[in-house]
Amino acid sequence: IFTTENTLGIDREEVMYSEPGRLIFAYAMGGPARVGMIFASETGEGGKKAVAEAFRGGGWRTAELVAAMQKADDLYFDSLSQVEAPRWSSGRVVLLGDAAHCPSPASGQGTSLALVGAHVLAESLAGGGDHAAAFAAYESRMRPYVAKNMEFGRRMIKDMVPGGRFTIAFRNYGMRTLKFHPRKEQVIEKVLAPLHEAANAIAI
């Protein structure tokens with residue numbers, strides 16, 4: 001992700017372009033554009049050289065945005081990874097939020113998991129008594145909720161960076177024609193159903 005001049009002419013909107021195994025998205029809020037580049041990698045190597053190589057020969061305005069990335073002084077590079085710790089506590093130490101269960105940024109659920117986890121942990125501790133029992137109760141209650149959101153993150157990254165041109169063409173066609181669909185509200189509801197299911201997989 002990096003900041004660059006808004007040559008795309010976007011304002012309070014986001015545009016996306018994808019090819020098999022790679023995706024570019026850009027958005028702006030009345031000023032410079034923020035551009036993100038996501039790609040599948042076997043090596044996990046990062047930095048400007050790796051990004052430029054991954055997007056070599058891309059269509060649309062890929063070459064222009066790669067050149068802008070090369071000049072950017074605020075490039076942030078990271079892997080879309082998830083933290084799945086085998087246990088969340090030891091003695092009087094307990095892990096919370098990303099330290100215990102960091103979901104992929106593709107899920108968009110990191111803040112929700114952290115806030116819900118804090119609530120559940122506080123509720124478990126509020127009863128007093130043995131801290132070890134409270135930690136165990138917190139983890140037991142959170143695990144299914146976390147697992148649901150982790151799975152959602154894995155699904156989302158596959159949707160964001162499709163592997164084939166047919167999948168991309170089908171998705172793009174659907175996006176272009178959605179506004180004409182007589183039941184577009186139901187279509188949107190169905191698309192968002194996995195997110196709603198993951199977000200509401202716990203009662204608090």
# chains A, B, ... in the order shown; residues from 1 in each chain; ligands from 1
$ select_by_dssp --residues "segment 70-165 of chain A" --states "helix (DSSP H, G or I)" --output "PyMOL selection string"
chain A and resi 70-71+98-101+105-107+110-126+131-160+165
$ residues_around --residues "Leu65 of chain A" --least-positions-apart "3" --cutoff "9 Å" --atoms "only C-alpha atoms" --output "PDB file with N, CA and C atoms, in the first residue's frame"
ATOM      1  N   THR A   4      -0.015   8.103  -3.625  1.00  0.00           N
ATOM      2  CA  THR A   4       0.486   8.690  -4.861  1.00  0.00           C
ATOM      3  C   THR A   4      -0.478   9.758  -5.356  1.00  0.00           C
ATOM      4  N   ILE A  24      -5.042  -4.966  -8.102  1.00  0.00           N
ATOM      5  CA  ILE A  24      -4.732  -3.578  -7.754  1.00  0.00           C
ATOM      6  C   ILE A  24      -6.032  -2.911  -7.317  1.00  0.00           C
ATOM      7  N   VAL A  35      -3.048   3.403  -2.982  1.00  0.00           N
ATOM      8  CA  VAL A  35      -3.053   2.283  -3.916  1.00  0.00           C
ATOM      9  C   VAL A  35      -2.550   1.028  -3.218  1.00  0.00           C
ATOM     10  N   ARG A  61      -3.757   0.281 -16.094  1.00  0.00           N
ATOM     11  CA  ARG A  61      -2.750   1.297 -15.789  1.00  0.00           C
ATOM     12  C   ARG A  61      -1.712   0.745 -14.814  1.00  0.00           C
ATOM     13  N   THR A  62      -1.488  -0.551 -14.921  1.00  0.00           N
ATOM     14  CA  THR A  62      -0.559  -1.211 -14.009  1.00  0.00           C
ATOM     15  C   THR A  62       0.835  -0.613 -14.083  1.00  0.00           C
ATOM     16  N   ALA A  68       4.698   4.632 -10.003  1.00  0.00           N
ATOM     17  CA  ALA A  68       4.394   5.484  -8.852  1.00  0.00           C
ATOM     18  C   ALA A  68       4.826   4.804  -7.559  1.00  0.00           C
ATOM     19  N   MET A  69       4.632   3.493  -7.482  1.00  0.00           N
ATOM     20  CA  MET A  69       5.059   2.735  -6.306  1.00  0.00           C
ATOM     21  C   MET A  69       6.570   2.821  -6.112  1.00  0.00           C
ATOM     22  N   GLN A  70       7.309   2.780  -7.221  1.00  0.00           N
ATOM     23  CA  GLN A  70       8.771   2.844  -7.148  1.00  0.00           C
ATOM     24  C   GLN A  70       9.242   4.166  -6.550  1.00  0.00           C
TER      25      GLN A  70
END
$ atom_distance --atom1 "atom CA of Ala54 of chain A" --atom2 "atom CA of Asp159 of chain A"
18.6 Å
$ closest_residue --among "A:Ile204, A:Ala40, A:Met175, A:Ala67" --to "Leu121 of chain A" --atoms "only C-alpha atoms"
A:Ile204
$ residues_around --residues "Pro20 of chain A" --least-positions-apart "6" --cutoff "12 Å" --atoms "only C-alpha atoms" --output "MDAnalysis selection string"
chainID A and resid 38:40 54:55 58:59 158:169
$ write_last_selection --atoms "C-alpha atoms" --output "PDB file, in the first residue's frame"
ATOM      1  CA  ILE A  38      -2.004  -7.818  -3.752  1.00  0.00           C
ATOM      2  CA  PHE A  39      -0.386 -10.812  -5.395  1.00  0.00           C
ATOM      3  CA  ALA A  40       0.114 -14.513  -4.842  1.00  0.00           C
ATOM      4  CA  ALA A  54       4.843  -9.532  -9.668  1.00  0.00           C
ATOM      5  CA  PHE A  55       2.985  -6.912 -11.720  1.00  0.00           C
ATOM      6  CA  GLY A  58      -0.060  -6.085 -16.297  1.00  0.00           C
ATOM      7  CA  GLY A  59      -2.868  -4.425 -18.220  1.00  0.00           C
ATOM      8  CA  LYS A 158      -9.458 -16.343  -2.822  1.00  0.00           C
ATOM      9  CA  ASP A 159     -12.247 -14.038  -4.005  1.00  0.00           C
ATOM     10  CA  MET A 160      -9.974 -10.982  -4.033  1.00  0.00           C
ATOM     11  CA  VAL A 161      -7.190 -12.644  -6.026  1.00  0.00           C
ATOM     12  CA  PRO A 162      -8.911 -15.151  -8.339  1.00  0.00           C
ATOM     13  CA  GLY A 163      -6.803 -17.753 -10.062  1.00  0.00           C
ATOM     14  CA  GLY A 164      -8.469 -17.799 -13.492  1.00  0.00           C
ATOM     15  CA  ARG A 165      -9.603 -15.364 -16.166  1.00  0.00           C
ATOM     16  CA  PHE A 166     -13.066 -16.922 -16.403  1.00  0.00           C
ATOM     17  CA  THR A 167     -13.666 -16.297 -12.692  1.00  0.00           C
ATOM     18  CA  ILE A 168     -12.583 -12.668 -13.087  1.00  0.00           C
ATOM     19  CA  ALA A 169     -14.738 -12.154 -16.202  1.00  0.00           C
TER      20      ALA A 169
END
$ decode --residues "segment 123-155 of chain A" --atoms "N, CA and C atoms" --output "CSV table (one decimal), in the first residue's frame"
chain,number,residue,atom,x,y,z
A,123,GLU,N,-15.7,-10.5,31.1
A,123,GLU,CA,-16.9,-11.1,31.6
A,123,GLU,C,-16.5,-12.4,32.4
A,124,SER,N,-15.5,-13.1,31.8
A,124,SER,CA,-15.0,-14.3,32.5
A,124,SER,C,-14.3,-14.0,33.8
A,125,LEU,N,-13.6,-12.9,33.8
A,125,LEU,CA,-12.8,-12.6,35.0
A,125,LEU,C,-13.7,-11.9,36.1
A,126,ALA,N,-14.8,-11.3,35.6
A,126,ALA,CA,-15.7,-10.6,36.6
A,126,ALA,C,-16.2,-11.5,37.7
A,127,GLY,N,-16.4,-12.7,37.4
A,127,GLY,CA,-16.9,-13.6,38.4
A,127,GLY,C,-16.0,-13.9,39.6
A,128,GLY,N,-14.7,-13.5,39.5
A,128,GLY,CA,-13.8,-13.7,40.5
A,128,GLY,C,-13.3,-15.2,40.5
A,129,GLY,N,-12.6,-15.6,41.5
A,129,GLY,CA,-12.2,-17.0,41.6
A,129,GLY,C,-10.9,-17.3,40.8
A,130,ASP,N,-10.8,-18.5,40.3
A,130,ASP,CA,-9.5,-18.9,39.7
A,130,ASP,C,-9.3,-18.3,38.3
A,131,HIS,N,-8.2,-17.6,38.2
A,131,HIS,CA,-7.9,-16.9,36.9
A,131,HIS,C,-7.7,-17.9,35.8
A,132,ALA,N,-7.1,-19.1,36.1
A,132,ALA,CA,-6.9,-20.1,35.1
A,132,ALA,C,-8.3,-20.6,34.5
A,133,ALA,N,-9.3,-20.8,35.4
A,133,ALA,CA,-10.6,-21.2,34.9
A,133,ALA,C,-11.2,-20.1,34.0
A,134,ALA,N,-11.0,-18.8,34.4
A,134,ALA,CA,-11.5,-17.7,33.6
A,134,ALA,C,-10.9,-17.7,32.2
A,135,PHE,N,-9.6,-17.9,32.2
A,135,PHE,CA,-8.9,-17.9,30.9
A,135,PHE,C,-9.4,-19.0,30.0
A,136,ALA,N,-9.6,-20.2,30.6
A,136,ALA,CA,-10.0,-21.3,29.9
A,136,ALA,C,-11.5,-21.1,29.3
A,137,ALA,N,-12.3,-20.5,30.1
A,137,ALA,CA,-13.7,-20.2,29.7
A,137,ALA,C,-13.7,-19.2,28.6
A,138,TYR,N,-12.8,-18.2,28.7
A,138,TYR,CA,-12.7,-17.2,27.6
A,138,TYR,C,-12.3,-17.8,26.3
A,139,GLU,N,-11.3,-18.6,26.4
A,139,GLU,CA,-10.8,-19.3,25.1
A,139,GLU,C,-11.8,-20.2,24.5
A,140,SER,N,-12.5,-21.0,25.4
A,140,SER,CA,-13.5,-22.0,24.9
A,140,SER,C,-14.6,-21.3,24.2
A,141,ARG,N,-15.0,-20.1,24.8
A,141,ARG,CA,-16.1,-19.4,24.2
A,141,ARG,C,-15.8,-18.7,22.9
A,142,MET,N,-14.5,-18.2,22.8
A,142,MET,CA,-14.1,-17.5,21.6
A,142,MET,C,-13.7,-18.3,20.5
A,143,ARG,N,-13.2,-19.5,20.7
A,143,ARG,CA,-12.6,-20.4,19.7
A,143,ARG,C,-13.5,-20.6,18.4
A,144,PRO,N,-14.8,-21.0,18.6
A,144,PRO,CA,-15.6,-21.2,17.4
A,144,PRO,C,-15.8,-19.9,16.6
A,145,TYR,N,-16.0,-18.8,17.3
A,145,TYR,CA,-16.2,-17.5,16.7
A,145,TYR,C,-14.9,-17.1,15.9
A,146,VAL,N,-13.8,-17.3,16.5
A,146,VAL,CA,-12.5,-17.0,15.8
A,146,VAL,C,-12.3,-17.9,14.6
A,147,ALA,N,-12.6,-19.2,14.7
A,147,ALA,CA,-12.5,-20.1,13.6
A,147,ALA,C,-13.3,-19.7,12.4
A,148,LYS,N,-14.6,-19.3,12.7
A,148,LYS,CA,-15.5,-18.9,11.7
A,148,LYS,C,-14.9,-17.7,10.9
A,149,ASN,N,-14.4,-16.7,11.6
A,149,ASN,CA,-13.8,-15.5,11.0
A,149,ASN,C,-12.5,-15.8,10.3
A,150,MET,N,-11.7,-16.7,10.8
A,150,MET,CA,-10.5,-17.1,10.1
A,150,MET,C,-10.8,-17.8,8.7
A,151,GLU,N,-11.8,-18.6,8.7
A,151,GLU,CA,-12.3,-19.3,7.5
A,151,GLU,C,-12.8,-18.2,6.5
A,152,PHE,N,-13.5,-17.2,7.0
A,152,PHE,CA,-14.0,-16.2,6.2
A,152,PHE,C,-12.8,-15.4,5.5
A,153,GLY,N,-11.8,-15.2,6.3
A,153,GLY,CA,-10.6,-14.5,5.7
A,153,GLY,C,-10.0,-15.3,4.6
A,154,ARG,N,-9.9,-16.6,4.8
A,154,ARG,CA,-9.3,-17.5,3.8
A,154,ARG,C,-10.2,-17.5,2.5
A,155,ARG,N,-11.5,-17.4,2.7
A,155,ARG,CA,-12.4,-17.4,1.5
A,155,ARG,C,-12.2,-16.0,0.8
